[in-house]
Amino acid sequence: MPGQPTLTTRELTLRPYAPADVPSLVRLCSPREIAATTALIPHPYTEVHARSFIEQMQGGWDRGDGFVYAMTRTVDGELVGSMGLKIDQAQQRAEVGYTVSVPCWGRGYATQALEAVLSVAFGTLALRRVYAYYFVENAASGRVLEKCGFQREGLLRGHVLKWGEPRDMIVMGMLKGDWEAGPIV
């Protein structure tokens, strides 16, 4: 399969990360509000974290174990978020994860990017299931998933330790047939 494709939406270009994205990625992930809404982003977020993240993601498409997109505004190329899949080929499923820069919250960028990534997941990659977890208090993330047709599957009580505190997470999922039928909202 050729390398990770670049995707476009109404307002975004989704492309693989490059080493030159380190400063922009640090700006994206540095606010405490970003770390507070995700299980894996540390605070403070440094250039070392950004370089390590980009290096880890390189080659994931070719290995078939996952990929991440830099979500950039097409009009000016500004990095406004990240979205990717962690793929389990044996189970034909993937976990989707994403973040959007604080100034861009509520602009529909995550929904646009998720729709594009789902096309790759269920089309190009022929996966049968995509799922996501989000912190209970991050209702905006749940709305993005719902808009794209995900269904709530359960509550995972105390599932993640974030800053030493157990946090509840909601799991939502979508099957290929759900995607083919279109959003239910």
# chains A, B, ... in the order shown; residues from 1 in each chain; ligands from 1
$ closest_atom_pairs --of "region 34-126 of chain A" --to "region 12-18 of chain A" --cutoff "6 Å" --atoms "only C-alpha atoms" --output "tab-separated table"
residue	atom	partner	partner_atom	distance
A:Tyr69	CA	A:Pro16	CA	4.9
A:Ala70	CA	A:Arg15	CA	5.4
A:Met71	CA	A:Leu14	CA	4.7
A:Thr72	CA	A:Thr13	CA	5.3
A:Arg73	CA	A:Leu12	CA	4.6
A:Thr74	CA	A:Leu12	CA	4.9
$ write_last_selection --atoms "C-alpha atoms" --output "tab-separated table (two decimals), in the first residue's frame"
chain	number	residue	atom	x	y	z
A	69	TYR	CA	-2.56	13.28	11.09
A	70	ALA	CA	-1.55	16.86	11.64
A	71	MET	CA	-4.85	18.73	11.23
A	72	THR	CA	-4.00	21.98	9.47
A	73	ARG	CA	-6.23	24.77	8.22
A	74	THR	CA	-6.09	24.72	4.45
$ closest_atom_pairs --of "region 18-136 of chain A" --to "region 152-171 of chain A" --cutoff "7 Å" --atoms "only C-alpha atoms" --output "CSV"
residue,atom,partner,partner_atom,distance
A:Ala39,CA,A:Lys162,CA,6.6
A:Ala132,CA,A:Val171,CA,5.7
A:Tyr133,CA,A:Val171,CA,4.5
A:Tyr134,CA,A:Met169,CA,5.3
A:Phe135,CA,A:Met169,CA,4.4
A:Val136,CA,A:Met169,CA,5.3
$ select_by_dssp --residues "chain A" --states "strand (DSSP E or B)" --output "PyMOL selection string"
chain A and resi 7-8+12-16+66-73+79-88+93-100+129-135+151-162+165-175
$ select_by_dssp --residues "region 102-172 of chain A" --states "alpha helix (DSSP H)" --output "PDB file with N, CA and C atoms, in the first residue's frame"
ATOM      1  N   TYR A 109     -13.823  21.395  13.575  1.00  0.00           N
ATOM      2  CA  TYR A 109     -12.641  20.783  12.977  1.00  0.00           C
ATOM      3  C   TYR A 109     -12.527  19.296  13.302  1.00  0.00           C
ATOM      4  N   ALA A 110     -12.794  18.928  14.544  1.00  0.00           N
ATOM      5  CA  ALA A 110     -12.677  17.509  14.914  1.00  0.00           C
ATOM      6  C   ALA A 110     -13.688  16.665  14.151  1.00  0.00           C
ATOM      7  N   THR A 111     -14.894  17.179  13.984  1.00  0.00           N
ATOM      8  CA  THR A 111     -15.919  16.438  13.249  1.00  0.00           C
ATOM      9  C   THR A 111     -15.505  16.242  11.790  1.00  0.00           C
ATOM     10  N   GLN A 112     -15.012  17.306  11.144  1.00  0.00           N
ATOM     11  CA  GLN A 112     -14.556  17.193   9.754  1.00  0.00           C
ATOM     12  C   GLN A 112     -13.434  16.161   9.631  1.00  0.00           C
ATOM     13  N   ALA A 113     -12.460  16.264  10.531  1.00  0.00           N
ATOM     14  CA  ALA A 113     -11.309  15.358  10.464  1.00  0.00           C
ATOM     15  C   ALA A 113     -11.732  13.919  10.738  1.00  0.00           C
ATOM     16  N   LEU A 114     -12.612  13.716  11.717  1.00  0.00           N
ATOM     17  CA  LEU A 114     -13.054  12.361  12.039  1.00  0.00           C
ATOM     18  C   LEU A 114     -13.801  11.736  10.864  1.00  0.00           C
ATOM     19  N   GLU A 115     -14.646  12.498  10.196  1.00  0.00           N
ATOM     20  CA  GLU A 115     -15.347  11.962   9.031  1.00  0.00           C
ATOM     21  C   GLU A 115     -14.354  11.497   7.958  1.00  0.00           C
ATOM     22  N   ALA A 116     -13.297  12.287   7.742  1.00  0.00           N
ATOM     23  CA  ALA A 116     -12.284  11.913   6.744  1.00  0.00           C
ATOM     24  C   ALA A 116     -11.517  10.665   7.171  1.00  0.00           C
ATOM     25  N   VAL A 117     -11.146  10.594   8.445  1.00  0.00           N
ATOM     26  CA  VAL A 117     -10.386   9.444   8.943  1.00  0.00           C
ATOM     27  C   VAL A 117     -11.247   8.184   8.937  1.00  0.00           C
ATOM     28  N   LEU A 118     -12.537   8.319   9.211  1.00  0.00           N
ATOM     29  CA  LEU A 118     -13.425   7.154   9.147  1.00  0.00           C
ATOM     30  C   LEU A 118     -13.523   6.611   7.720  1.00  0.00           C
ATOM     31  N   SER A 119     -13.474   7.489   6.742  1.00  0.00           N
ATOM     32  CA  SER A 119     -13.472   7.030   5.348  1.00  0.00           C
ATOM     33  C   SER A 119     -12.255   6.165   5.057  1.00  0.00           C
ATOM     34  N   ALA A 139     -17.584  16.522  27.537  1.00  0.00           N
ATOM     35  CA  ALA A 139     -18.801  16.308  26.746  1.00  0.00           C
ATOM     36  C   ALA A 139     -18.623  16.708  25.283  1.00  0.00           C
ATOM     37  N   ALA A 140     -17.770  17.689  25.012  1.00  0.00           N
ATOM     38  CA  ALA A 140     -17.556  18.123  23.623  1.00  0.00           C
ATOM     39  C   ALA A 140     -17.007  16.978  22.778  1.00  0.00           C
ATOM     40  N   SER A 141     -16.133  16.176  23.341  1.00  0.00           N
ATOM     41  CA  SER A 141     -15.589  15.038  22.609  1.00  0.00           C
ATOM     42  C   SER A 141     -16.695  14.031  22.304  1.00  0.00           C
ATOM     43  N   GLY A 142     -17.565  13.814  23.258  1.00  0.00           N
ATOM     44  CA  GLY A 142     -18.702  12.921  23.031  1.00  0.00           C
ATOM     45  C   GLY A 142     -19.609  13.415  21.918  1.00  0.00           C
ATOM     46  N   ARG A 143     -19.811  14.732  21.848  1.00  0.00           N
ATOM     47  CA  ARG A 143     -20.656  15.299  20.787  1.00  0.00           C
ATOM     48  C   ARG A 143     -20.034  15.082  19.403  1.00  0.00           C
ATOM     49  N   VAL A 144     -18.714  15.216  19.314  1.00  0.00           N
ATOM     50  CA  VAL A 144     -18.043  14.965  18.035  1.00  0.00           C
ATOM     51  C   VAL A 144     -18.325  13.532  17.586  1.00  0.00           C
ATOM     52  N   LEU A 145     -18.143  12.596  18.488  1.00  0.00           N
ATOM     53  CA  LEU A 145     -18.352  11.187  18.155  1.00  0.00           C
ATOM     54  C   LEU A 145     -19.804  10.920  17.759  1.00  0.00           C
ATOM     55  N   GLU A 146     -20.736  11.477  18.519  1.00  0.00           N
ATOM     56  CA  GLU A 146     -22.158  11.296  18.200  1.00  0.00           C
ATOM     57  C   GLU A 146     -22.493  11.852  16.822  1.00  0.00           C
ATOM     58  N   LYS A 147     -21.984  13.051  16.489  1.00  0.00           N
ATOM     59  CA  LYS A 147     -22.261  13.652  15.183  1.00  0.00           C
ATOM     60  C   LYS A 147     -21.796  12.752  14.044  1.00  0.00           C
TER      61      LYS A 147
END
$ residues_around --residues "Arg128 (chain A)" --least-positions-apart "3" --cutoff "9 Å" --atoms "only C-alpha atoms" --output "ChimeraX atom specification"
/A:91-94,121-122,174-177
$ atom_distance --atom1 "CA of Phe53 (chain A)" --atom2 "CA of Ile34 (chain A)"
15.6 Å
$ atom_distance --atom1 "CA of Cys104 (chain A)" --atom2 "CA of Gln151 (chain A)"
24.8 Å
$ closest_residue --among "A:Gln56, A:Thr38, A:Thr8, A:Thr124" --to "Tyr98 (chain A)" --atoms "only C-alpha atoms"
A:Thr38
$ closest_residue --among "A:Glu33, A:Glu47, A:Asp88, A:Asp62" --to "Asn138 (chain A)" --atoms "only C-alpha atoms"
A:Glu33
$ residues_around --residues "Gln89 (chain A)" --least-positions-apart "5" --cutoff "12 Å" --atoms "only C-alpha atoms" --output "compact mmCIF listing (two decimals) with N, CA, C and O atoms, in the first residue's frame"
# COMPACT_ATOMS: atom_id res chain seq x y z
N TRP A 61 1.84 3.89 9.36
CA TRP A 61 0.97 3.54 8.22
C TRP A 61 1.53 2.32 7.50
O TRP A 61 0.82 1.37 7.21
N ARG A 63 3.63 0.05 8.61
CA ARG A 63 3.58 -1.14 9.48
C ARG A 63 2.16 -1.66 9.65
O ARG A 63 1.95 -2.80 10.05
N GLY A 64 1.19 -0.78 9.45
CA GLY A 64 -0.21 -1.16 9.62
C GLY A 64 -0.69 -1.12 11.05
O GLY A 64 -1.75 -1.65 11.36
N ASP A 65 0.07 -0.45 11.93
CA ASP A 65 -0.34 -0.43 13.34
C ASP A 65 -0.93 0.91 13.78
O ASP A 65 -1.34 1.05 14.92
N GLY A 66 -0.97 1.88 12.89
CA GLY A 66 -1.59 3.15 13.24
C GLY A 66 -0.99 4.31 12.49
O GLY A 66 0.01 4.17 11.79
N ALA A 94 -9.82 -0.33 15.31
CA ALA A 94 -8.88 0.73 15.66
C ALA A 94 -9.49 1.64 16.70
O ALA A 94 -10.71 1.85 16.73
N GLU A 95 -8.63 2.20 17.53
CA GLU A 95 -9.02 3.24 18.48
C GLU A 95 -8.66 4.59 17.87
O GLU A 95 -7.55 4.79 17.39
N ALA A 121 -10.52 4.52 7.47
CA ALA A 121 -10.62 3.33 8.33
C ALA A 121 -11.53 2.27 7.72
O ALA A 121 -11.16 1.09 7.63
N LEU A 125 -8.75 0.95 4.59
CA LEU A 125 -8.19 -0.08 5.48
C LEU A 125 -9.15 -1.24 5.74
O LEU A 125 -8.74 -2.25 6.32
N ALA A 126 -10.39 -1.12 5.35
CA ALA A 126 -11.41 -2.18 5.49
C ALA A 126 -11.52 -2.69 6.93
O ALA A 126 -11.70 -3.89 7.16
N LEU A 127 -11.44 -1.78 7.90
CA LEU A 127 -11.65 -2.18 9.29
C LEU A 127 -13.12 -2.45 9.52
O LEU A 127 -13.98 -1.95 8.79
N ARG A 128 -13.42 -3.20 10.56
CA ARG A 128 -14.82 -3.51 10.87
C ARG A 128 -15.35 -2.69 12.03
O ARG A 128 -16.56 -2.60 12.24
N ARG A 129 -14.43 -2.06 12.84
CA ARG A 129 -14.85 -1.33 14.03
C ARG A 129 -13.86 -0.22 14.35
O ARG A 129 -12.65 -0.41 14.21
N VAL A 130 -14.38 0.93 14.78
CA VAL A 130 -13.57 2.02 15.31
C VAL A 130 -14.22 2.44 16.62
O VAL A 130 -15.45 2.52 16.71
$ closest_residue --among "A:Pro19, A:Val75, A:Ala35, A:Gly108" --to "Val48 (chain A)" --atoms "only C-alpha atoms"
A:Pro19
$ atom_distance --atom1 "CA of Ala90 (chain A)" --atom2 "CA of Cys148 (chain A)"
24.8 Å
$ closest_residue --among "A:Pro2, A:Gly84, A:Gly97, A:Pro103" --to "Arg27 (chain A)" --atoms "only C-alpha atoms"
A:Pro103
